[in-house]
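Here is the file upload-v1.cif (mmCIF, C-alpha atoms (C1' of nucleotides)).
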```
data_run
loop_
_atom_site.label_atom_id
_atom_site.label_comp_id
_atom_site.auth_asym_id
_atom_site.auth_seq_id
_atom_site.Cartn_x
_atom_site.Cartn_y
_atom_site.Cartn_z
CA MET A 1 0.00 0.00 0.00
CA TYR A 2 3.07 2.13 -0.26
CA ASP A 3 4.05 1.35 -3.79
CA SER A 4 0.62 1.65 -5.27
CA LEU A 5 0.18 5.10 -3.82
CA MET A 6 3.64 6.49 -4.35
CA ARG A 7 4.48 4.83 -7.65
CA PRO A 8 1.58 4.54 -10.00
CA PHE A 9 4.06 3.88 -12.78
CA LYS A 10 5.33 0.62 -14.11
CA HIS A 11 9.09 0.42 -14.26
CA PRO A 12 10.30 -2.71 -16.00
CA PRO A 13 13.01 -4.81 -14.37
CA VAL A 14 16.43 -4.65 -15.94
CA SER A 15 16.03 -8.18 -17.29
CA ASP A 16 13.19 -6.95 -19.48
CA PHE A 17 15.20 -4.23 -21.17
CA ILE A 18 15.35 -4.69 -24.93
CA LEU A 19 18.09 -3.00 -26.92
CA GLU A 20 15.98 -2.27 -29.98
CA ARG A 21 13.29 -0.66 -27.88
CA LEU A 22 15.78 1.57 -26.10
CA LEU A 23 17.19 2.67 -29.43
CA TYR A 24 13.73 3.39 -30.69
CA ALA A 25 12.88 5.43 -27.63
CA LEU A 26 16.05 7.46 -28.12
CA SER A 27 15.46 7.99 -31.83
CA ASP A 28 12.89 10.68 -31.20
CA PRO A 29 14.40 14.17 -30.91
CA VAL A 30 12.09 15.18 -28.08
CA ARG A 31 12.86 12.07 -26.08
CA LEU A 32 16.59 12.20 -26.74
CA GLU A 33 16.57 15.78 -25.50
CA ILE A 34 14.72 14.73 -22.35
CA VAL A 35 17.28 12.02 -21.69
CA ARG A 36 20.14 14.42 -22.29
CA ARG A 37 18.71 16.95 -19.88
CA LEU A 38 18.16 14.26 -17.26
CA ALA A 39 21.70 13.01 -17.78
CA GLU A 40 23.16 16.35 -16.86
CA SER A 41 20.68 17.67 -14.35
CA GLY A 42 20.09 14.42 -12.51
CA GLU A 43 16.36 14.82 -12.27
CA ALA A 44 13.57 17.04 -13.43
CA SER A 45 9.82 17.31 -13.42
CA CYS A 46 7.80 16.88 -16.58
CA GLY A 47 6.98 20.55 -16.67
CA GLU A 48 10.61 21.59 -16.61
CA LEU A 49 11.33 19.71 -19.78
CA ASP A 50 8.49 20.58 -22.10
CA GLY A 51 9.60 23.12 -24.62
CA GLY A 52 6.22 24.73 -24.76
CA ARG A 53 4.77 21.45 -25.94
CA PRO A 54 1.39 20.33 -24.65
CA LYS A 55 1.45 18.30 -21.47
CA SER A 56 -0.29 15.37 -23.10
CA THR A 57 2.46 15.16 -25.67
CA MET A 58 5.14 15.19 -23.00
CA SER A 59 3.28 12.64 -20.95
CA HIS A 60 3.29 10.37 -23.95
CA HIS A 61 7.04 10.66 -24.39
CA PHE A 62 7.75 10.12 -20.72
CA ARG A 63 5.66 7.01 -20.76
CA ILE A 64 7.67 5.57 -23.62
CA LEU A 65 10.91 6.37 -21.84
CA ARG A 66 9.58 4.69 -18.70
CA ASP A 67 8.27 1.66 -20.57
CA VAL A 68 11.64 0.85 -22.09
CA GLY A 69 13.42 1.35 -18.77
CA LEU A 70 15.28 4.57 -19.42
CA VAL A 71 13.47 6.78 -16.97
CA HIS A 72 12.21 6.43 -13.44
CA THR A 73 9.32 8.55 -12.29
CA GLN A 74 8.23 9.15 -8.75
CA THR A 75 5.43 11.26 -7.45
CA ILE A 76 6.41 13.99 -5.04
CA GLY A 77 3.49 16.09 -4.05
CA THR A 78 1.76 17.12 -7.21
CA THR A 79 4.82 16.86 -9.38
CA HIS A 80 6.37 13.85 -11.05
CA MET A 81 10.07 13.70 -10.66
CA ASN A 82 11.94 11.94 -13.41
CA SER A 83 15.43 10.56 -13.36
CA LEU A 84 17.57 8.46 -15.63
CA ARG A 85 17.90 4.80 -14.64
CA LYS A 86 21.55 5.10 -15.55
CA ALA A 87 22.89 2.36 -13.30
CA ASP A 88 20.21 -0.03 -14.50
CA VAL A 89 20.79 0.72 -18.15
CA ASP A 90 24.55 0.52 -17.67
CA SER A 91 24.28 -2.85 -16.01
CA ARG A 92 22.26 -4.25 -18.86
CA PHE A 93 23.90 -2.41 -21.75
CA PRO A 94 27.34 -1.24 -20.65
CA GLY A 95 28.53 1.92 -22.32
CA LEU A 96 25.41 2.36 -24.43
CA LEU A 97 23.92 5.38 -22.75
CA ASP A 98 27.15 7.33 -22.59
CA ALA A 99 27.94 6.52 -26.21
CA ILE A 100 24.61 7.96 -27.28
CA VAL A 101 24.10 10.87 -24.92
CA SER A 102 27.64 12.17 -25.29
CA GLN A 103 27.42 12.55 -29.07
CA LYS A 104 27.49 16.07 -30.36
CA PRO A 105 24.59 17.29 -32.45
CA MET B 1 29.76 8.36 -66.20
CA TYR B 2 31.40 5.92 -63.92
CA ASP B 3 29.54 6.71 -60.75
CA SER B 4 26.11 6.75 -62.28
CA LEU B 5 26.59 3.31 -63.71
CA MET B 6 28.42 1.63 -60.88
CA ARG B 7 26.71 3.33 -57.98
CA PRO B 8 23.05 3.93 -58.47
CA PHE B 9 22.72 4.50 -54.75
CA LYS B 10 22.84 7.68 -52.78
CA HIS B 11 25.26 7.59 -49.90
CA PRO B 12 25.01 10.67 -47.71
CA PRO B 13 28.19 12.49 -46.72
CA VAL B 14 29.31 12.12 -43.13
CA SER B 15 28.32 15.70 -42.40
CA ASP B 16 24.71 14.78 -43.08
CA PHE B 17 24.58 11.96 -40.55
CA ILE B 18 21.92 12.53 -37.92
CA LEU B 19 22.15 10.71 -34.61
CA GLU B 20 18.43 10.23 -34.16
CA ARG B 21 18.06 8.77 -37.62
CA LEU B 22 20.87 6.30 -37.03
CA LEU B 23 19.26 5.20 -33.81
CA TYR B 24 15.97 4.80 -35.56
CA ALA B 25 17.52 2.71 -38.30
CA LEU B 26 19.11 0.47 -35.69
CA SER B 27 15.93 0.12 -33.66
CA ASP B 28 14.46 -2.38 -36.09
CA PRO B 29 15.41 -5.99 -35.30
CA VAL B 30 15.88 -6.91 -38.94
CA ARG B 31 18.14 -3.94 -39.58
CA LEU B 32 20.13 -4.35 -36.40
CA GLU B 33 20.77 -7.94 -37.37
CA ILE B 34 21.93 -6.86 -40.81
CA VAL B 35 24.35 -4.38 -39.26
CA ARG B 36 25.65 -6.96 -36.82
CA ARG B 37 26.28 -9.45 -39.58
CA LEU B 38 28.04 -6.82 -41.65
CA ALA B 39 30.12 -5.83 -38.66
CA GLU B 40 31.52 -9.30 -38.31
CA SER B 41 31.61 -10.50 -41.90
CA GLY B 42 32.82 -7.26 -43.43
CA GLU B 43 30.50 -7.37 -46.38
CA ALA B 44 27.61 -9.34 -47.77
CA SER B 45 25.11 -9.32 -50.57
CA CYS B 46 21.47 -8.63 -49.93
CA GLY B 47 20.56 -12.23 -50.61
CA GLU B 48 22.96 -13.53 -47.99
CA LEU B 49 21.23 -11.63 -45.24
CA ASP B 50 17.57 -12.23 -45.84
CA GLY B 51 16.28 -14.77 -43.38
CA GLY B 52 13.80 -16.13 -45.86
CA ARG B 53 12.22 -12.71 -46.03
CA PRO B 54 11.03 -11.36 -49.36
CA LYS B 55 13.57 -9.44 -51.36
CA SER B 56 11.38 -6.36 -51.46
CA THR B 57 11.33 -6.27 -47.69
CA MET B 58 15.08 -6.55 -47.49
CA SER B 59 15.52 -3.94 -50.15
CA HIS B 60 13.45 -1.59 -48.04
CA HIS B 61 15.62 -2.14 -44.99
CA PHE B 62 18.86 -1.75 -46.90
CA ARG B 63 17.66 1.51 -48.31
CA ILE B 64 16.99 2.87 -44.86
CA LEU B 65 20.42 1.77 -43.67
CA ARG B 66 21.97 3.45 -46.70
CA ASP B 67 19.95 6.62 -46.31
CA VAL B 68 21.13 7.23 -42.77
CA GLY B 69 24.73 6.47 -43.70
CA LEU B 70 25.26 3.14 -42.00
CA VAL B 71 25.70 0.99 -45.06
CA HIS B 72 27.48 1.36 -48.35
CA THR B 73 26.26 -0.59 -51.34
CA GLN B 74 28.14 -1.18 -54.55
CA THR B 75 27.05 -3.11 -57.59
CA ILE B 76 29.27 -5.99 -58.58
CA GLY B 77 27.87 -7.84 -61.50
CA THR B 78 24.28 -8.62 -60.66
CA THR B 79 24.77 -8.57 -56.93
CA HIS B 80 24.81 -5.64 -54.57
CA MET B 81 27.58 -5.82 -52.08
CA ASN B 82 26.92 -4.13 -48.77
CA SER B 83 29.39 -3.04 -46.18
CA LEU B 84 29.30 -1.03 -42.98
CA ARG B 85 30.52 2.54 -43.25
CA LYS B 86 32.26 1.99 -39.97
CA ALA B 87 35.03 4.53 -40.37
CA ASP B 88 32.55 7.17 -41.46
CA VAL B 89 30.17 6.49 -38.62
CA ASP B 90 33.04 6.37 -36.15
CA SER B 91 34.36 9.70 -37.34
CA ARG B 92 31.00 11.36 -36.87
CA PHE B 93 29.81 9.47 -33.78
CA PRO B 94 32.84 8.01 -32.01
CA GLY B 95 32.14 4.83 -30.12
CA LEU B 96 28.48 4.70 -31.05
CA LEU B 97 28.49 1.76 -33.39
CA ASP B 98 30.60 -0.45 -31.16
CA ALA B 99 28.51 0.42 -28.14
CA ILE B 100 25.38 -0.72 -29.92
CA VAL B 101 26.56 -3.65 -32.00
CA SER B 102 28.54 -5.22 -29.17
CA GLN B 103 25.58 -5.44 -26.81
CA LYS B 104 24.41 -8.93 -26.01
CA PRO B 105 20.82 -9.85 -26.78
"C1'" DC C 1 -14.36 22.15 1.13
"C1'" DC C 2 -12.90 24.63 -2.86
"C1'" DC C 3 -9.43 25.64 -5.94
"C1'" DA C 4 -5.18 25.66 -8.42
"C1'" DT C 5 -1.39 22.80 -9.99
"C1'" DA C 6 0.81 18.84 -12.29
"C1'" DG C 7 0.23 15.37 -14.98
"C1'" DT C 8 -2.37 11.36 -16.95
"C1'" DT C 9 -5.83 9.28 -19.89
"C1'" DC C 10 -8.99 9.32 -23.67
"C1'" DG C 11 -10.17 9.98 -28.38
"C1'" DA C 12 -9.41 11.23 -32.88
"C1'" DA C 13 -6.83 13.00 -36.80
"C1'" DT C 14 -2.64 12.60 -39.22
"C1'" DA C 15 1.48 10.60 -40.57
"C1'" DT C 16 4.94 7.05 -40.88
"C1'" DT C 17 6.35 2.39 -41.25
"C1'" DA C 18 6.59 -2.48 -42.23
"C1'" DT C 19 5.47 -6.09 -45.13
"C1'" DC C 20 4.94 -8.41 -49.35
"C1'" DG C 21 3.35 -9.61 -54.19
"C1'" DA C 22 3.84 -8.10 -58.84
"C1'" DA C 23 6.15 -5.74 -62.25
"C1'" DT C 24 10.55 -3.68 -63.64
"C1'" DT C 25 15.55 -2.99 -64.19
"C1'" DT C 26 20.21 -4.33 -64.69
"C1'" DT C 27 23.80 -7.41 -65.56
"C1'" DA C 28 25.90 -11.74 -66.97
"C1'" DG C 29 25.90 -15.91 -69.43
"C1'" DT C 30 24.80 -18.77 -73.50
"C1'" DA D 1 18.86 -11.84 -78.68
"C1'" DC D 2 17.06 -14.73 -74.91
"C1'" DT D 3 17.14 -16.15 -70.33
"C1'" DA D 4 18.27 -16.42 -65.53
"C1'" DA D 5 19.79 -14.09 -61.35
"C1'" DA D 6 19.72 -10.25 -58.09
"C1'" DA D 7 17.65 -6.73 -56.41
"C1'" DT D 8 14.80 -2.30 -56.85
"C1'" DT D 9 10.49 0.07 -57.47
"C1'" DC D 10 5.55 0.27 -57.30
"C1'" DG D 11 1.19 -0.27 -55.03
"C1'" DA D 12 -1.67 -1.70 -51.54
"C1'" DT D 13 -2.65 -3.04 -46.83
"C1'" DA D 14 -2.17 -3.25 -42.11
"C1'" DA D 15 -0.01 -1.81 -38.10
"C1'" DT D 16 2.07 1.82 -35.19
"C1'" DA D 17 3.24 6.49 -33.87
"C1'" DT D 18 2.84 11.41 -33.14
"C1'" DT D 19 0.32 15.16 -31.83
"C1'" DC D 20 -2.94 17.66 -29.22
"C1'" DG D 21 -7.41 19.18 -27.12
"C1'" DA D 22 -10.64 17.88 -23.69
"C1'" DA D 23 -11.84 15.51 -19.73
"C1'" DC D 24 -10.20 13.38 -15.64
"C1'" DT D 25 -7.27 12.33 -11.23
"C1'" DA D 26 -4.64 13.28 -7.42
"C1'" DT D 27 -2.24 16.27 -4.30
"C1'" DG D 28 -1.50 20.23 -1.43
"C1'" DG D 29 -2.79 24.88 0.17
"C1'" DG D 30 -5.91 28.32 1.93
#
```
Once more with this new file: its structure as structure tokens, please.
Amino acid sequence: MYDSLMRPFKHPPVSDFILERLLYALSDPVRLEIVRRLAESGEASCGELDGGRPKSTMSHHFRILRDVGLVHTQTIGTTHMNSLRKADVDSRFPGLLDAIVSQKP
Amino acid sequence: MYDSLMRPFKHPPVSDFILERLLYALSDPVRLEIVRRLAESGEASCGELDGGRPKSTMSHHFRILRDVGLVHTQTIGTTHMNSLRKADVDSRFPGLLDAIVSQKP
DNA sequence: CCCATAGTTCGAATATTATCGAATTTTAGT
DNA sequence: ACTAAAATTCGATAATATTCGAACTATGGG
């Protein structure tokens, strides 16, 4: 009764991570930007990362990032705090995240 | 009059490579498998890499891989020989290809 | 209790993609 | 020339995604 209240989001276990799905999630410019921002800032709410885009659009992208295992979301008050599951991704796919996020535009 | 006959394919210059588009190209299981096979075998014809799939389907996937700059195709006789543009990809996105291709399933 | 805030969910329109058969092209061999 | 081989292009279909407004949910503050 703690989890269901504090974490209404499904976060897949590391063993369920699928490389192709991570790559797909990162192939969208909006989502890649989200991941980049999270990589440098540590964590951020949904609202901090929309670039003027509608909330429903952002919610959609965050869900995809969560579903593939890239992002962890926790509810804090009325805001949803997002962070990169870097250690998890690194353990399953060593070096992948850095190799992608560190690339220059 | 050499290029147009021997290379009917458009291969984008390195400066046109776009990270998101590479990731997208690699997010398809069929295409990722193609790239993996090319990475280890060096080069292969289209026919060698279909897994019983129709040629038109494979042709579609090869075109996407070419369009984003991952694969180079040259005509040799009646066959099209494909190879990874590893050096080109590495020069634009250092470490990216290895970090993806080397991941275990 | 009411209200504002933050974000999700729903629904629908639009767009993109994957797949594959059929027809076409190109090249090589006879 | 004719034919076979290899692969592309075309066309259609089915599946999936993106986007966004509108309605909804949950939380915290006054």
Give me, as a tab-separated table, each residue of chain C that comes within 12 Å of chain A, together with its shortest interatomic pair and the distance in Å at one decimal, counting only C-alpha atoms (C1' of nucleotides), with rows ordered by chain and rising residue number.
```
residue	atom	partner	partner_atom	distance
C:DA4	C1'	A:Thr78	CA	11.1
C:DT5	C1'	A:Thr78	CA	7.1
C:DA6	C1'	A:Thr79	CA	5.3
C:DG7	C1'	A:Lys55	CA	7.2
C:DT8	C1'	A:Ser59	CA	7.0
C:DT9	C1'	A:Ser56	CA	8.8
C:DC10	C1'	A:Ser56	CA	10.6
```
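Going from CA of Asp90 in chain A to CA of Lys10 in chain A covers 19.5 Å.
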If you apply the PyMOL selection byres ((chain B and resi 26-29) around 6) to this file, what residues do you get, as a compact mmCIF listing (two decimals) with C-alpha atoms, in the frame of the given file?
```txt
# COMPACT_ATOMS: atom_id res chain seq x y z
CA GLU A 20 15.98 -2.27 -29.98
CA LEU A 23 17.19 2.67 -29.43
CA TYR A 24 13.73 3.39 -30.69
CA LEU B 23 19.26 5.20 -33.81
CA TYR B 24 15.97 4.80 -35.56
CA ALA B 25 17.52 2.71 -38.30
CA VAL B 30 15.88 -6.91 -38.94
CA ARG B 31 18.14 -3.94 -39.58
CA LEU B 32 20.13 -4.35 -36.40
```
Hey, could you lay chain A over chain B with a least-squares C-alpha fit (all atoms, paired in order) and save it as a PDB file with C-alpha atoms, in the coordinates of the input?
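The file below, out_3.pdb, is the result:
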```
ATOM      1  CA  MET A   1      29.769   8.284 -66.179  1.00  0.00           C
ATOM      2  CA  TYR A   2      31.468   5.932 -63.811  1.00  0.00           C
ATOM      3  CA  ASP A   3      29.567   6.740 -60.687  1.00  0.00           C
ATOM      4  CA  SER A   4      26.158   6.752 -62.244  1.00  0.00           C
ATOM      5  CA  LEU A   5      26.681   3.304 -63.671  1.00  0.00           C
ATOM      6  CA  MET A   6      28.496   1.667 -60.805  1.00  0.00           C
ATOM      7  CA  ARG A   7      26.736   3.356 -57.906  1.00  0.00           C
ATOM      8  CA  PRO A   8      23.081   3.941 -58.465  1.00  0.00           C
ATOM      9  CA  PHE A   9      22.728   4.492 -54.738  1.00  0.00           C
ATOM     10  CA  LYS A  10      22.834   7.682 -52.784  1.00  0.00           C
ATOM     11  CA  HIS A  11      25.249   7.595 -49.893  1.00  0.00           C
ATOM     12  CA  PRO A  12      25.002  10.673 -47.713  1.00  0.00           C
ATOM     13  CA  PRO A  13      28.175  12.507 -46.724  1.00  0.00           C
ATOM     14  CA  VAL A  14      29.285  12.130 -43.144  1.00  0.00           C
ATOM     15  CA  SER A  15      28.281  15.720 -42.403  1.00  0.00           C
ATOM     16  CA  ASP A  16      24.671  14.781 -43.081  1.00  0.00           C
ATOM     17  CA  PHE A  17      24.559  11.966 -40.559  1.00  0.00           C
ATOM     18  CA  ILE A  18      21.909  12.527 -37.907  1.00  0.00           C
ATOM     19  CA  LEU A  19      22.140  10.691 -34.605  1.00  0.00           C
ATOM     20  CA  GLU A  20      18.410  10.220 -34.140  1.00  0.00           C
ATOM     21  CA  ARG A  21      18.049   8.760 -37.600  1.00  0.00           C
ATOM     22  CA  LEU A  22      20.864   6.291 -37.035  1.00  0.00           C
ATOM     23  CA  LEU A  23      19.257   5.187 -33.796  1.00  0.00           C
ATOM     24  CA  TYR A  24      15.960   4.775 -35.538  1.00  0.00           C
ATOM     25  CA  ALA A  25      17.506   2.715 -38.297  1.00  0.00           C
ATOM     26  CA  LEU A  26      19.109   0.462 -35.697  1.00  0.00           C
ATOM     27  CA  SER A  27      15.928   0.092 -33.663  1.00  0.00           C
ATOM     28  CA  ASP A  28      14.478  -2.409 -36.088  1.00  0.00           C
ATOM     29  CA  PRO A  29      15.441  -6.013 -35.294  1.00  0.00           C
ATOM     30  CA  VAL A  30      15.919  -6.926 -38.941  1.00  0.00           C
ATOM     31  CA  ARG A  31      18.146  -3.947 -39.599  1.00  0.00           C
ATOM     32  CA  LEU A  32      20.139  -4.346 -36.399  1.00  0.00           C
ATOM     33  CA  GLU A  33      20.777  -7.949 -37.379  1.00  0.00           C
ATOM     34  CA  ILE A  34      21.952  -6.856 -40.825  1.00  0.00           C
ATOM     35  CA  VAL A  35      24.353  -4.373 -39.272  1.00  0.00           C
ATOM     36  CA  ARG A  36      25.640  -6.968 -36.841  1.00  0.00           C
ATOM     37  CA  ARG A  37      26.281  -9.452 -39.612  1.00  0.00           C
ATOM     38  CA  LEU A  38      28.054  -6.808 -41.678  1.00  0.00           C
ATOM     39  CA  ALA A  39      30.126  -5.821 -38.662  1.00  0.00           C
ATOM     40  CA  GLU A  40      31.534  -9.290 -38.323  1.00  0.00           C
ATOM     41  CA  SER A  41      31.638 -10.490 -41.892  1.00  0.00           C
ATOM     42  CA  GLY A  42      32.849  -7.262 -43.444  1.00  0.00           C
ATOM     43  CA  GLU A  43      30.505  -7.379 -46.381  1.00  0.00           C
ATOM     44  CA  ALA A  44      27.618  -9.340 -47.750  1.00  0.00           C
ATOM     45  CA  SER A  45      25.100  -9.319 -50.542  1.00  0.00           C
ATOM     46  CA  CYS A  46      21.443  -8.638 -49.900  1.00  0.00           C
ATOM     47  CA  GLY A  47      20.556 -12.229 -50.583  1.00  0.00           C
ATOM     48  CA  GLU A  48      22.947 -13.548 -47.975  1.00  0.00           C
ATOM     49  CA  LEU A  49      21.220 -11.634 -45.244  1.00  0.00           C
ATOM     50  CA  ASP A  50      17.541 -12.210 -45.821  1.00  0.00           C
ATOM     51  CA  GLY A  51      16.227 -14.751 -43.402  1.00  0.00           C
ATOM     52  CA  GLY A  52      13.746 -16.089 -45.869  1.00  0.00           C
ATOM     53  CA  ARG A  53      12.148 -12.673 -46.029  1.00  0.00           C
ATOM     54  CA  PRO A  54      10.929 -11.334 -49.355  1.00  0.00           C
ATOM     55  CA  LYS A  55      13.475  -9.412 -51.370  1.00  0.00           C
ATOM     56  CA  SER A  56      11.324  -6.308 -51.456  1.00  0.00           C
ATOM     57  CA  THR A  57      11.273  -6.234 -47.687  1.00  0.00           C
ATOM     58  CA  MET A  58      15.038  -6.552 -47.497  1.00  0.00           C
ATOM     59  CA  SER A  59      15.504  -3.929 -50.155  1.00  0.00           C
ATOM     60  CA  HIS A  60      13.458  -1.577 -48.050  1.00  0.00           C
ATOM     61  CA  HIS A  61      15.615  -2.143 -44.989  1.00  0.00           C
ATOM     62  CA  PHE A  62      18.848  -1.771 -46.907  1.00  0.00           C
ATOM     63  CA  ARG A  63      17.654   1.491 -48.312  1.00  0.00           C
ATOM     64  CA  ILE A  64      16.986   2.857 -44.851  1.00  0.00           C
ATOM     65  CA  LEU A  65      20.408   1.755 -43.677  1.00  0.00           C
ATOM     66  CA  ARG A  66      21.970   3.437 -46.708  1.00  0.00           C
ATOM     67  CA  ASP A  67      19.936   6.615 -46.310  1.00  0.00           C
ATOM     68  CA  VAL A  68      21.122   7.207 -42.765  1.00  0.00           C
ATOM     69  CA  GLY A  69      24.732   6.470 -43.694  1.00  0.00           C
ATOM     70  CA  LEU A  70      25.253   3.137 -42.001  1.00  0.00           C
ATOM     71  CA  VAL A  71      25.694   1.000 -45.067  1.00  0.00           C
ATOM     72  CA  HIS A  72      27.492   1.339 -48.357  1.00  0.00           C
ATOM     73  CA  THR A  73      26.256  -0.585 -51.346  1.00  0.00           C
ATOM     74  CA  GLN A  74      28.105  -1.206 -54.552  1.00  0.00           C
ATOM     75  CA  THR A  75      27.040  -3.131 -57.576  1.00  0.00           C
ATOM     76  CA  ILE A  76      29.276  -6.001 -58.569  1.00  0.00           C
ATOM     77  CA  GLY A  77      27.902  -7.897 -61.473  1.00  0.00           C
ATOM     78  CA  THR A  78      24.330  -8.694 -60.670  1.00  0.00           C
ATOM     79  CA  THR A  79      24.786  -8.606 -56.939  1.00  0.00           C
ATOM     80  CA  HIS A  80      24.809  -5.675 -54.559  1.00  0.00           C
ATOM     81  CA  MET A  81      27.580  -5.824 -52.076  1.00  0.00           C
ATOM     82  CA  ASN A  82      26.924  -4.132 -48.781  1.00  0.00           C
ATOM     83  CA  SER A  83      29.394  -3.028 -46.180  1.00  0.00           C
ATOM     84  CA  LEU A  84      29.299  -1.032 -42.994  1.00  0.00           C
ATOM     85  CA  ARG A  85      30.525   2.559 -43.279  1.00  0.00           C
ATOM     86  CA  LYS A  86      32.267   2.005 -39.977  1.00  0.00           C
ATOM     87  CA  ALA A  87      35.032   4.564 -40.394  1.00  0.00           C
ATOM     88  CA  ASP A  88      32.532   7.189 -41.484  1.00  0.00           C
ATOM     89  CA  VAL A  89      30.160   6.508 -38.632  1.00  0.00           C
ATOM     90  CA  ASP A  90      33.042   6.402 -36.163  1.00  0.00           C
ATOM     91  CA  SER A  91      34.342   9.730 -37.353  1.00  0.00           C
ATOM     92  CA  ARG A  92      30.986  11.369 -36.883  1.00  0.00           C
ATOM     93  CA  PHE A  93      29.805   9.496 -33.797  1.00  0.00           C
ATOM     94  CA  PRO A  94      32.829   8.030 -32.032  1.00  0.00           C
ATOM     95  CA  GLY A  95      32.152   4.840 -30.148  1.00  0.00           C
ATOM     96  CA  LEU A  96      28.473   4.707 -31.057  1.00  0.00           C
ATOM     97  CA  LEU A  97      28.497   1.762 -33.400  1.00  0.00           C
ATOM     98  CA  ASP A  98      30.628  -0.437 -31.188  1.00  0.00           C
ATOM     99  CA  ALA A  99      28.535   0.419 -28.143  1.00  0.00           C
ATOM    100  CA  ILE A 100      25.411  -0.725 -29.943  1.00  0.00           C
ATOM    101  CA  VAL A 101      26.601  -3.657 -32.013  1.00  0.00           C
ATOM    102  CA  SER A 102      28.595  -5.216 -29.192  1.00  0.00           C
ATOM    103  CA  GLN A 103      25.620  -5.462 -26.832  1.00  0.00           C
ATOM    104  CA  LYS A 104      24.450  -8.936 -26.044  1.00  0.00           C
ATOM    105  CA  PRO A 105      20.874  -9.864 -26.833  1.00  0.00           C
TER     106      PRO A 105
END
```
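Atom to atom, CA of Asn82 in chain A and CA of Arg21 in chain B stand 25.2 Å apart.
The residue that comes closest to chain D, out of A:Val71, A:Pro105, A:Pro13, A:Pro8 and on the basis of all atoms listed in the file, is A:Pro8.
Compared by their closest atoms to DT18 in chain D, and using all atoms listed in the file, the residues C:DC3, C:DA18, C:DA28, C:DA13 rank with C:DA13 nearest.
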Mind checking which residues fall within 8 Å of range 97-102 of chain B, counting all atoms listed in the file, ignoring those fewer than 4 positions away in the same chain, and posting them as a PyMOL selection string? (chain A and resi 94-96+99) or (chain B and resi 32+35-36+39+86+89-90+93)
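Distances from A:Gly52, A:Ser15, A:Ser83, A:Thr57 to chain B were compared using all atoms listed in the file, and the smallest one belongs to A:Ser15.
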Result set, the PyMOL selection byres ((chain C and resi 27) around 12) on current file, as a PDB file with C-alpha atoms (C1' of nucleotides), in the coordinates of the input:
```pdb
ATOM      1  CA  LEU B   5      26.590   3.310 -63.710  1.00  0.00           C
ATOM      2  CA  MET B   6      28.420   1.630 -60.880  1.00  0.00           C
ATOM      3  CA  THR B  75      27.050  -3.110 -57.590  1.00  0.00           C
ATOM      4  CA  ILE B  76      29.270  -5.990 -58.580  1.00  0.00           C
ATOM      5  CA  GLY B  77      27.870  -7.840 -61.500  1.00  0.00           C
ATOM      6  CA  THR B  78      24.280  -8.620 -60.660  1.00  0.00           C
ATOM      7  CA  THR B  79      24.770  -8.570 -56.930  1.00  0.00           C
ATOM      8  CA  HIS B  80      24.810  -5.640 -54.570  1.00  0.00           C
TER       9      HIS B  80
ATOM     10  C1'  DT C  25      15.550  -2.990 -64.190  1.00  0.00           C
ATOM     11  C1'  DT C  26      20.210  -4.330 -64.690  1.00  0.00           C
ATOM     12  C1'  DA C  28      25.900 -11.740 -66.970  1.00  0.00           C
ATOM     13  C1'  DG C  29      25.900 -15.910 -69.430  1.00  0.00           C
TER      14       DG C  29
ATOM     15  C1'  DT D   3      17.140 -16.150 -70.330  1.00  0.00           C
ATOM     16  C1'  DA D   4      18.270 -16.420 -65.530  1.00  0.00           C
ATOM     17  C1'  DA D   5      19.790 -14.090 -61.350  1.00  0.00           C
ATOM     18  C1'  DA D   6      19.720 -10.250 -58.090  1.00  0.00           C
ATOM     19  C1'  DA D   7      17.650  -6.730 -56.410  1.00  0.00           C
TER      20       DA D   7
END
```
Please find the residues of chain D near chain A - the criterion being any atom within 8 Å, counting all atoms listed in the file - and write them as a VMD selection string. chain D and resid 19 to 20 26 to 28
Would you give the centre and edge lengths, in Å to one decimal, of a box along x, y and z around the listed atoms of range 91-99 of chain B, with 8 Å added to each side, as JSON?
```
{"center_x": 31.4, "center_y": 5.5, "center_z": -32.7, "size_x": 21.9, "size_y": 27.8, "size_z": 25.2}
```
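Separating CA of Asp50 in chain A from C1' of DT14 in chain C is a distance of 21.9 Å.
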Could you list, as a count of residues only, every residue matched by the PyMOL selection byres ((chain A and resi 70) around 7) in this structure? 9
In terms of all atoms listed in the file, the residue from A:Ala44, A:His11, A:Asp88, A:Glu33 at minimal distance from chain B is A:Glu33
Atom completion result for range 71-75 of chain B (N, CA, C and O atoms) as a CSV table (one decimal), in the frame of the given file:
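Writing done, so here's rebuild-v1.csv:
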```csv
chain,number,residue,atom,x,y,z
B,71,VAL,N,25.3,2.0,-44.1
B,71,VAL,CA,25.7,1.0,-45.1
B,71,VAL,C,26.1,1.6,-46.4
B,71,VAL,O,25.4,2.5,-46.9
B,72,HIS,N,27.1,1.0,-47.0
B,72,HIS,CA,27.5,1.4,-48.4
B,72,HIS,C,27.2,0.2,-49.3
B,72,HIS,O,27.5,-1.0,-48.9
B,73,THR,N,26.6,0.5,-50.4
B,73,THR,CA,26.3,-0.6,-51.3
B,73,THR,C,26.9,-0.3,-52.7
B,73,THR,O,26.8,0.8,-53.2
B,74,GLN,N,27.6,-1.3,-53.2
B,74,GLN,CA,28.1,-1.2,-54.6
B,74,GLN,C,27.7,-2.4,-55.4
B,74,GLN,O,27.6,-3.5,-54.9
B,75,THR,N,27.5,-2.1,-56.7
B,75,THR,CA,27.0,-3.1,-57.6
B,75,THR,C,28.3,-3.8,-58.1
B,75,THR,O,29.2,-3.2,-58.6
```
